[in-house]
Amino acid sequence: MAFVNMKTKEVQAKIVFYGPGRGGKTTNLEYVYSKFRERIKTDMVSIKTHGDRTLFFDFLPFDIGKIMGYDVKIQLYTVPGQVKYNATRKLVLKGVDGMVFVADSQRDKREKNHESLKNLQENLAAYKKSIFKIPLVLQYNKRDLKETPLMPIEMMEKDLNKQLKAPSFPASAITGENVVPTLKKIISLTMASLQNVMK
Ligand SMILES: Nc1nc2c(ncn2[C@@H]2O[C@H](COP(=O)(O)OP(=O)(O)O)[C@@H](O)[C@H]2O)c(=O)[nH]1
Ligand SMILES: [Mg+2]
């Protein structure tokens, strides 16, 4: 749940990057961190395993300035994608205001994307939240890959977004293609959803 302080005119919103392991969630945050370093007053926090995988989460606090007279602070989180870390994923989702689902465009990741989206739906449901109602953006990542076969965007839309009908972006977290537009979109959807509490 967003933290809104009417007295100090501050809003804090939590946005979580979700998706299958190695899909590019951490790389998204790293790109944002490198691009907006001047707005980010603390270091990005990453808790990693030896193999450089996300163990607990990544955390990036992000100051976006004033909206409707409020000082808006966004907290970006990623979850560990590996199946075995579901308890952690659930914990990171607590109080989420907006979601980015980072899907892996590689053809052999089709099933993994599906599983992860289903897992997101279940974990949200445990907090009595609906994947259909929460601000959500889909990102089809790794479009830069040339050596491995990728799924066509239309196929990914059909697989993942047929019912959700969320805004979606083909992207590359490595080159930065559509990383910032993805972030801008989820921030604007999230802020719109908080409007009624920011009067
Ligand atoms: N080619 C390519 N590789 C990517 C992209 N995004 C992430 N990767 C690579 O995929 C691997 C997993 O990325 P990571 O961000 O750790 O995935 P996470 O498990 O979702 O956090 C790393 O080796 C990244 O460098 C991308 O857009 N294109
Ligand atoms: Mg990660």
# chains A, B, ... in the order shown; residues from 1 in each chain; ligands from 1
$ residues_around --residues "segment 173-179 of chain A" --least-positions-apart "3" --cutoff "6 Å" --atoms "only C-alpha atoms" --output "short mmCIF file (atom, residue, chain, number, x, y, z; two decimals) with C-alpha atoms, in the first residue's frame"
data_model
loop_
_atom_site.label_atom_id
_atom_site.label_comp_id
_atom_site.auth_asym_id
_atom_site.auth_seq_id
_atom_site.Cartn_x
_atom_site.Cartn_y
_atom_site.Cartn_z
CA THR A 27 19.29 -5.59 -15.48
CA ASN A 28 16.28 -3.25 -15.85
CA THR A 182 8.34 0.86 -19.41
#
$ select_by_dssp --residues "segment 62-175 of chain A" --states "helix (DSSP H, G or I)" --output "MDAnalysis selection string"
chainID A and resid 83:93 107:126 153:160
$ residues_around --residues "Phe62 of chain A" --least-positions-apart "4" --cutoff "9 Å" --atoms "only C-alpha atoms" --output "PDB file with C-alpha atoms, in the first residue's frame"
ATOM      1  CA  TYR A  33      20.252   3.278 -11.860  1.00  0.00           C
ATOM      2  CA  PHE A  36      19.229   8.443 -13.374  1.00  0.00           C
ATOM      3  CA  ARG A  39      18.093  11.402  -8.790  1.00  0.00           C
ATOM      4  CA  ILE A  40      18.990   8.364  -6.775  1.00  0.00           C
ATOM      5  CA  LYS A  41      20.469   9.370  -3.491  1.00  0.00           C
ATOM      6  CA  THR A  42      21.331   5.966  -2.135  1.00  0.00           C
ATOM      7  CA  VAL A  72       6.795  11.470  -5.046  1.00  0.00           C
ATOM      8  CA  LYS A  73       9.216   8.730  -4.105  1.00  0.00           C
ATOM      9  CA  ILE A  74       9.141   5.468  -5.967  1.00  0.00           C
ATOM     10  CA  GLN A  75      10.651   2.309  -4.611  1.00  0.00           C
ATOM     11  CA  LEU A  76      11.613  -0.205  -7.247  1.00  0.00           C
TER      12      LEU A  76
END
$ closest_residue --among "A:Gly69, A:Pro20, A:Gly98, A:Pro149" --to "ligand 2" --atoms "only C-alpha atoms and all ligand atoms"
A:Pro20
$ residues_near_ligand --ligand "ligand 1" --cutoff "10 Å" --atoms "only C-alpha atoms and all ligand atoms" --output "number ranges by chain"
A: 17-31, 48, 52-55, 57-58, 78-82, 101-106, 140-148, 170-179
$ write_last_selection --atoms "C-alpha atoms" --output "CSV table (one decimal), in the first residue's frame"
chain,number,residue,atom,x,y,z
A,17,PHE,CA,9.5,-6.1,-11.2
A,18,TYR,CA,8.4,-9.7,-11.5
A,19,GLY,CA,9.1,-12.5,-14.0
A,20,PRO,CA,11.0,-15.7,-14.7
A,21,GLY,CA,14.5,-16.2,-13.4
A,22,ARG,CA,17.2,-14.6,-15.7
A,23,GLY,CA,14.6,-12.7,-17.6
A,24,GLY,CA,16.3,-9.3,-17.0
A,25,LYS,CA,14.6,-7.8,-14.0
A,26,THR,CA,17.8,-6.9,-12.2
A,27,THR,CA,19.3,-5.6,-15.5
A,28,ASN,CA,16.3,-3.3,-15.9
A,29,LEU,CA,17.0,-1.7,-12.5
A,30,GLU,CA,20.7,-1.5,-13.2
A,31,TYR,CA,19.9,0.4,-16.4
A,48,LYS,CA,22.9,-11.8,-4.5
A,52,ASP,CA,25.3,-13.5,-9.1
A,53,ARG,CA,21.6,-14.4,-8.9
A,54,THR,CA,19.1,-12.3,-7.0
A,55,LEU,CA,18.8,-14.0,-3.6
A,57,PHE,CA,15.6,-8.7,-3.9
A,58,ASP,CA,17.0,-5.6,-5.5
A,78,THR,CA,12.8,-7.0,-8.1
A,79,VAL,CA,11.9,-10.5,-6.9
A,80,PRO,CA,14.1,-13.6,-7.3
A,81,GLY,CA,12.7,-15.4,-10.2
A,82,GLN,CA,13.8,-19.0,-9.4
A,101,PHE,CA,6.2,-8.3,-15.6
A,102,VAL,CA,9.5,-8.9,-17.4
A,103,ALA,CA,9.0,-11.8,-19.9
A,104,ASP,CA,12.0,-13.4,-21.6
A,105,SER,CA,11.5,-13.3,-25.4
A,106,GLN,CA,13.5,-16.4,-26.1
A,140,TYR,CA,9.0,-8.4,-23.7
A,141,ASN,CA,12.7,-8.4,-22.9
A,142,LYS,CA,15.9,-9.4,-24.8
A,143,ARG,CA,14.7,-8.3,-28.2
A,144,ASP,CA,18.3,-7.5,-29.0
A,145,LEU,CA,19.3,-11.2,-29.1
A,146,LYS,CA,20.4,-12.3,-32.6
A,147,GLU,CA,21.8,-15.8,-32.0
A,148,THR,CA,18.8,-17.4,-30.3
A,170,PRO,CA,9.3,-4.9,-26.6
A,171,ALA,CA,12.6,-4.1,-24.9
A,172,SER,CA,16.2,-4.8,-24.2
A,173,ALA,CA,17.4,-4.2,-20.7
A,174,ILE,CA,21.0,-4.6,-21.9
A,175,THR,CA,20.8,-1.8,-24.6
A,176,GLY,CA,18.2,0.1,-22.6
A,177,GLU,CA,15.6,0.0,-25.4
A,178,ASN,CA,12.2,0.8,-23.9
A,179,VAL,CA,13.4,0.4,-20.3
$ residues_around --residues "Leu120 of chain A" --least-positions-apart "2" --cutoff "9 Å" --atoms "only C-alpha atoms" --output "ChimeraX atom specification"
/A:18-19,89-90,101,115-118,122-125,131
$ write_last_selection --atoms "C-alpha atoms" --output "PDB file, in the first residue's frame"
ATOM      1  CA  TYR A  18       8.368  -9.741 -11.545  1.00  0.00           C
ATOM      2  CA  GLY A  19       9.094 -12.507 -14.043  1.00  0.00           C
ATOM      3  CA  ARG A  89       8.636 -13.414  -3.841  1.00  0.00           C
ATOM      4  CA  LYS A  90       5.467 -13.299  -1.846  1.00  0.00           C
ATOM      5  CA  PHE A 101       6.189  -8.261 -15.637  1.00  0.00           C
ATOM      6  CA  GLU A 115       4.446 -20.242 -15.127  1.00  0.00           C
ATOM      7  CA  SER A 116       5.763 -17.010 -13.671  1.00  0.00           C
ATOM      8  CA  LEU A 117       2.696 -15.006 -14.683  1.00  0.00           C
ATOM      9  CA  LYS A 118       0.480 -17.642 -13.135  1.00  0.00           C
ATOM     10  CA  GLU A 122      -1.591 -16.622  -7.266  1.00  0.00           C
ATOM     11  CA  ASN A 123       0.730 -14.613  -5.041  1.00  0.00           C
ATOM     12  CA  LEU A 124      -1.306 -11.445  -5.562  1.00  0.00           C
ATOM     13  CA  ALA A 125      -4.473 -13.350  -4.789  1.00  0.00           C
ATOM     14  CA  ILE A 131      -3.774  -9.124 -11.430  1.00  0.00           C
TER      15      ILE A 131
END
$ closest_residue --among "A:Val16, A:Leu91, A:Leu160, A:Glu38" --to "ligand 2" --atoms "only C-alpha atoms and all ligand atoms"
A:Val16
$ select_by_dssp --residues "chain A" --states "strand (DSSP E or B)" --output "PyMOL selection string"
chain A and resi 3-5+10-18+45-48+54-67+70-78+98-104+106+136-141+150+168-170+172+177
$ closest_residue --among "A:Gln121, A:Val96, A:His114, A:Tyr85" --to "ligand 2" --atoms "only C-alpha atoms and all ligand atoms"
A:Tyr85
$ closest_residue --among "A:Lys128, A:Ala87, A:Phe169, A:Tyr77" --to "ligand 2" --atoms "only C-alpha atoms and all ligand atoms"
A:Tyr77
$ residues_around --residues "Thr190 of chain A" --least-positions-apart "6" --cutoff "9 Å" --atoms "only C-alpha atoms" --output "list in words"
Ala13, Lys14, Ile15, Asp97, Gly98, Met99, Ile134, Pro135 and Leu136 of chain A
$ write_last_selection --atoms "N, CA and C atoms" --output "compact mmCIF listing (two decimals), in the first residue's frame"
# COMPACT_ATOMS: atom_id res chain seq x y z
N ALA A 13 5.50 5.11 -3.25
CA ALA A 13 4.82 4.01 -3.92
C ALA A 13 5.82 2.89 -4.22
N LYS A 14 5.31 1.69 -4.21
CA LYS A 14 6.17 0.51 -4.40
C LYS A 14 5.85 -0.17 -5.73
N ILE A 15 6.87 -0.29 -6.56
CA ILE A 15 6.71 -0.96 -7.85
C ILE A 15 7.62 -2.19 -7.89
N ASP A 97 2.19 -1.49 -5.21
CA ASP A 97 1.23 -0.56 -5.84
C ASP A 97 1.17 -0.73 -7.36
N GLY A 98 2.28 -1.19 -7.95
CA GLY A 98 2.32 -1.37 -9.40
C GLY A 98 3.32 -2.45 -9.76
N MET A 99 3.11 -3.09 -10.92
CA MET A 99 3.94 -4.23 -11.31
C MET A 99 4.44 -4.09 -12.74
N ILE A 134 -4.59 -4.48 -10.57
CA ILE A 134 -3.39 -3.77 -10.15
C ILE A 134 -2.74 -3.11 -11.38
N PRO A 135 -2.18 -1.89 -11.22
CA PRO A 135 -1.45 -1.29 -12.34
C PRO A 135 -0.34 -2.24 -12.81
N LEU A 136 -0.34 -2.55 -14.09
CA LEU A 136 0.56 -3.59 -14.62
C LEU A 136 1.04 -3.21 -16.02
$ atom_distance --atom1 "atom CA of Leu194 of chain A" --atom2 "atom CA of Val100 of chain A"
16.9 Å
$ decode --residues "segment 88-148 of chain A" --atoms "C-alpha atoms" --output "tab-separated table (two decimals), in the first residue's frame"
chain	number	residue	atom	x	y	z
A	88	THR	CA	10.57	-14.43	-0.75
A	89	ARG	CA	8.64	-13.41	-3.84
A	90	LYS	CA	5.47	-13.30	-1.85
A	91	LEU	CA	7.10	-11.19	0.84
A	92	VAL	CA	8.43	-8.66	-1.68
A	93	LEU	CA	4.93	-8.33	-3.15
A	94	LYS	CA	3.54	-7.16	0.15
A	95	GLY	CA	2.09	-3.67	-0.24
A	96	VAL	CA	2.84	-3.47	-3.95
A	97	ASP	CA	1.23	-0.56	-5.84
A	98	GLY	CA	2.32	-1.37	-9.40
A	99	MET	CA	3.94	-4.23	-11.31
A	100	VAL	CA	6.19	-4.72	-14.29
A	101	PHE	CA	6.19	-8.26	-15.64
A	102	VAL	CA	9.48	-8.88	-17.44
A	103	ALA	CA	9.03	-11.76	-19.88
A	104	ASP	CA	11.96	-13.44	-21.62
A	105	SER	CA	11.47	-13.31	-25.40
A	106	GLN	CA	13.53	-16.43	-26.09
A	107	ARG	CA	11.44	-19.14	-27.62
A	108	ASP	CA	12.54	-21.78	-25.13
A	109	LYS	CA	11.32	-19.56	-22.26
A	110	ARG	CA	7.70	-19.66	-23.35
A	111	GLU	CA	6.63	-22.04	-20.62
A	112	LYS	CA	8.69	-20.23	-17.96
A	113	ASN	CA	6.96	-16.93	-18.74
A	114	HIS	CA	3.61	-18.61	-18.44
A	115	GLU	CA	4.45	-20.24	-15.13
A	116	SER	CA	5.76	-17.01	-13.67
A	117	LEU	CA	2.70	-15.01	-14.68
A	118	LYS	CA	0.48	-17.64	-13.13
A	119	ASN	CA	2.60	-17.56	-9.99
A	120	LEU	CA	2.21	-13.78	-9.86
A	121	GLN	CA	-1.53	-14.08	-10.12
A	122	GLU	CA	-1.59	-16.62	-7.27
A	123	ASN	CA	0.73	-14.61	-5.04
A	124	LEU	CA	-1.31	-11.45	-5.56
A	125	ALA	CA	-4.47	-13.35	-4.79
A	126	ALA	CA	-2.97	-14.31	-1.43
A	127	TYR	CA	-2.98	-10.57	-0.64
A	128	LYS	CA	-6.51	-10.28	-2.03
A	129	LYS	CA	-5.25	-8.37	-5.04
A	130	SER	CA	-6.27	-9.07	-8.59
A	131	ILE	CA	-3.77	-9.12	-11.43
A	132	PHE	CA	-6.57	-7.60	-13.52
A	133	LYS	CA	-6.90	-4.58	-11.25
A	134	ILE	CA	-3.39	-3.77	-10.15
A	135	PRO	CA	-1.45	-1.29	-12.34
A	136	LEU	CA	0.56	-3.59	-14.62
A	137	VAL	CA	2.91	-3.25	-17.59
A	138	LEU	CA	4.33	-6.16	-19.58
A	139	GLN	CA	7.83	-6.01	-20.97
A	140	TYR	CA	9.02	-8.43	-23.66
A	141	ASN	CA	12.72	-8.36	-22.93
A	142	LYS	CA	15.88	-9.44	-24.77
A	143	ARG	CA	14.68	-8.29	-28.20
A	144	ASP	CA	18.34	-7.53	-29.02
A	145	LEU	CA	19.33	-11.22	-29.11
A	146	LYS	CA	20.37	-12.34	-32.56
A	147	GLU	CA	21.75	-15.83	-31.96
A	148	THR	CA	18.77	-17.44	-30.27
